[in-house]
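S.K.: Please see the structure below; I have some questions.
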Amino acid sequence: MVSAGERRRLGERLHAFTQVFDPPLGTSHGPTFAIKDLIDVAGVPTGGGGVVPLDAAPKDHAVAVQRLLDAGYLAVGKTHTVELAFGGWGTNRSVGAPWNPWDGAVHRAPGGSSSGSAVAVASGLCEVALGTDTGGSIRIPAAACGVVGLKPGRGLVSTRGVHDLAPSLDTLGPLARSVADAARVLEVISGPDGGGAVRPRFEAATALAMDVRGWKVAVLPMEAMPAIDPQVAELYQAAVGALAVLGVEIETARTPRPFADYFIPNGWLMAAEGWRVRGPHIATNGELMDRWVVKRFEAGRSVTDAELARALARRADDQREFQDWMAPYGALLSPTLPIPAPPIEDVDETASPFSAMTRAGNYLNLPAASVPMGLTDGGLPAGLQIMGRMADEASVVALAAAYEAVSGWNGRRPDLSAF
């Protein structure tokens with residue numbers, strides 16, 4: 001296990017942690033985990049990526065944190081996030097952005113908003129980490145940093161003790177170095193909690209043992225996706241081919257609506273619900289916040305309750321339409337990110353290409369995973385997104401594990417000598 005001193009030294013260089021626990025929380029010698037700084041740990045400020053914390057002294061651990069501690073996991077620290085979790089690049093002008101560990105010379109976008117969690121796992125500073133996902137915030141940094149990210153559908157994992165961005169979209173899940181590790185964490189943190197989590201506990205061993213041969217899987221035609229970097233496209237096509245060799249039936253298919261038709265309303269809901277949740281905080285602390293984050297929230301300021309209700313009704317209709325379309329398929333495949341991680345200084349905060357393929361998973365309430373599918377010629381990771389049918393996390397995990405077993409990318413780490 002990495003020592004607290006090494007975790008603190010390298011964590012500071014990578015800007016992964018807001019706080020390293022010394023000693024770790026927990027009484028066992030189980031796997032180590034880190035916690036996105038949007039999730040409560042008793043007695044530890046929940047900063048939410050800002051100068052002013054969302055809760056200076058939480059009284060209780062979040063349900064997911066407590067369940068991991070009870071299962072013998074060791075909590076090693078809190079990790080950086082995009083401010084109030086509203087951003088996909090992983091930038092943070094309030095308290096600083098983590099450094100994508102795959103480039104020691106250029107500060108590249110780590111992906112957001114669970115940026116520090118992905119960086120900590122990719123760098124070997126912890127074995128697994130907790131993140132949240134409202135429009136891709138687990139899968140995006142997982143893909144950008146070359147690790148596994150697993151977003152469950154809503155109702156499987158409790159969000160008690162997790163500070164909201166958009167309550168109808170928010171989910172909580174693991175980032176890990178392998179699909180099996182992510183699945184085991186999902187099993188521990190899943191199941192009814194007397195509140196928002198109402199579905200039965202996820203069974204990791206069952207999902208990991210499933211045979212995917214003969215399954216039919218949908219893939220989007222390239223022209224139905226946003227502009228994909230040529231090297232990412234090449235890695236994606238190779239990943240699809242690897243699943244075909246395993247006996248998965250690949251069918252090119254168009255979704256009922258273009259992905260943009262899910263991307264735009266998901267962002268609109270994030271702003272509308274986010275302003276209702278965070279408007280008071282922004283009114284008090286906006287001058288101290290990242291101006292781009294404030295702009296995103298302010299886009300929801302004028303949304304009326306009637307407009308929000310109509311949007312949620314349309315979302316329910318879209319979900320039913322998509323469920324009918326997905327019925328014949330075990331999953332839908334796409335690249336997680338259309339482009340490799342750019343330098344931080346080149347990030348365009350007015351655009352959201354990192355979430356172009358991920359937001360549909362939240363809008364449609366689908367489980368999804370990002371699994372490493374290789375490196376570009378520049379040595380930057382790319383991810384394969386596996387999006388499943390509603391409440392079918394098992395098929396997502398089964399396909400992710402099957403691909404991982406033949407991909408050759410399981411558990412690879414970046415060269416950290418420059419850090």
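Residue numbering restarts at 1 for every chain of the structure tokens, chains are lettered A, B, ... in their displayed order, and ligands are numbered from 1 as they appear.
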Mind listing the strand (DSSP E or B) residues of region 25-140 of chain A, per DSSP on the backbone, as a PyMOL selection string?

M.R.: chain A and resi 25+32-36+39+41+44+46+55+74-79+108+128-133

S.K.: List as a tab-separated table every residue of region 162-222 of chain A that is in contact with region 320-331 of chain A, defined as an atom at most 9 Å from one of its atoms (using only C-alpha atoms), together with the nearest atom pair and the distance in Å rounded to one decimal, sorted by chain and then rising number.

M.R.:
residue	atom	partner	partner_atom	distance
A:Val212	CA	A:Gly330	CA	9.0
A:Trp215	CA	A:Gly330	CA	6.3
A:Lys216	CA	A:Tyr329	CA	5.2
A:Val217	CA	A:Tyr329	CA	5.1
A:Ala218	CA	A:Tyr329	CA	6.2
A:Val219	CA	A:Ala331	CA	8.6

S.K.: Grab the CA of Ala4 (chain A) to CA of Asp22 (chain A) distance for me, in Å with one decimal place.

M.R.: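 According to the coordinates, CA of Ala4 (chain A) and CA of Asp22 (chain A) are separated by 6.3 Å.
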
S.K.: Find the spatial neighbours of Val198 (chain A), counting only C-alpha atoms, within a cut-off of 9 Å - ignore same-chain residues fewer than 6 positions away - and output them as a list of chain:residue names.

M.R.: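 After dropping sequence-adjacent residues, the list is A:Gly155, A:Leu156, A:Val157, A:Ser158, A:Gly191, A:Pro192.
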
S.K.: Go ahead and save the picked residues with N, CA and C atoms, as a short mmCIF file (atom, residue, chain, number, x, y, z; two decimals), in the first residue's frame.

M.R.:
data_model
loop_
_atom_site.label_atom_id
_atom_site.label_comp_id
_atom_site.auth_asym_id
_atom_site.auth_seq_id
_atom_site.Cartn_x
_atom_site.Cartn_y
_atom_site.Cartn_z
N GLY A 155 -31.46 4.85 -8.15
CA GLY A 155 -32.20 3.96 -7.27
C GLY A 155 -31.43 2.75 -6.81
N LEU A 156 -30.21 2.55 -7.33
CA LEU A 156 -29.40 1.40 -6.90
C LEU A 156 -28.46 1.77 -5.76
N VAL A 157 -27.91 2.98 -5.81
CA VAL A 157 -26.93 3.43 -4.82
C VAL A 157 -27.46 4.66 -4.12
N SER A 158 -27.39 4.66 -2.81
CA SER A 158 -27.86 5.80 -2.03
C SER A 158 -27.03 7.04 -2.30
N GLY A 191 -27.97 -1.10 -2.87
CA GLY A 191 -29.05 -1.68 -2.08
C GLY A 191 -29.85 -0.66 -1.31
N PRO A 192 -31.04 -1.06 -0.87
CA PRO A 192 -31.97 -0.12 -0.21
C PRO A 192 -31.36 0.54 1.02
#

S.K.: Any chance you could tabulate, as JSON lines, the residues of region 96-172 of chain A at most 9 Å from region 255-278 of chain A with each one's nearest atom pair and distance in Å to one decimal, using only C-alpha atoms, in chain and rising number order?

M.R.:
{"residue": "A:Thr134", "atom": "CA", "partner": "A:Met270", "partner_atom": "CA", "distance": 7.7}
{"residue": "A:Gly135", "atom": "CA", "partner": "A:Asn266", "partner_atom": "CA", "distance": 7.1}
{"residue": "A:Asp164", "atom": "CA", "partner": "A:Val277", "partner_atom": "CA", "distance": 7.1}
{"residue": "A:Leu165", "atom": "CA", "partner": "A:Gly274", "partner_atom": "CA", "distance": 5.1}
{"residue": "A:Ala166", "atom": "CA", "partner": "A:Glu273", "partner_atom": "CA", "distance": 5.0}
{"residue": "A:Pro167", "atom": "CA", "partner": "A:Glu273", "partner_atom": "CA", "distance": 7.0}
{"residue": "A:Ser168", "atom": "CA", "partner": "A:Glu273", "partner_atom": "CA", "distance": 8.0}
{"residue": "A:Leu169", "atom": "CA", "partner": "A:Met270", "partner_atom": "CA", "distance": 7.7}

S.K.: What separation in Å, quoted to one decimal, exists between CA of Thr252 (chain A) and CA of Pro221 (chain A)?

M.R.: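 Computing it gives 6.0 Å between the two atoms.
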
S.K.: Name all residues at most 12 Å from Ile39 (chain A) (count only C-alpha atoms; drop same-chain ones fewer than 4 positions away) and give them as a ChimeraX atom specification.

M.R.: /A:34-35,44-49,53-55,58,60-66,77-81,84-85,114,117,129-132,158-165,171-173

S.K.: Counting only C-alpha atoms, which residues in region 70-183 of chain A sit no more than 7 Å from region 345-357 of chain A? For each one, give the nearest pair of atoms and the distance in Å, sorted by chain then residue number, as a tab-separated table.

M.R.:
residue	atom	partner	partner_atom	distance
A:Gly88	CA	A:Phe354	CA	6.1
A:Trp89	CA	A:Phe354	CA	6.8
A:Gly135	CA	A:Ser355	CA	6.6
A:Gly136	CA	A:Ser355	CA	6.0
A:Ile140	CA	A:Phe354	CA	6.6

S.K.: Would you please work out which residue, of A:Trp102, A:Trp409, A:Phe419, A:Phe202, is nearest to Ala118 (chain A) when using only C-alpha atoms?

M.R.: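 For Ala118 (chain A), the nearest of the given residues is A:Trp102.
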
S.K.: Can you tell me how far CA of Ala56 (chain A) sits from CA of Val188 (chain A), in Å to one decimal?

M.R.: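 These two atoms are separated by 27.2 Å.
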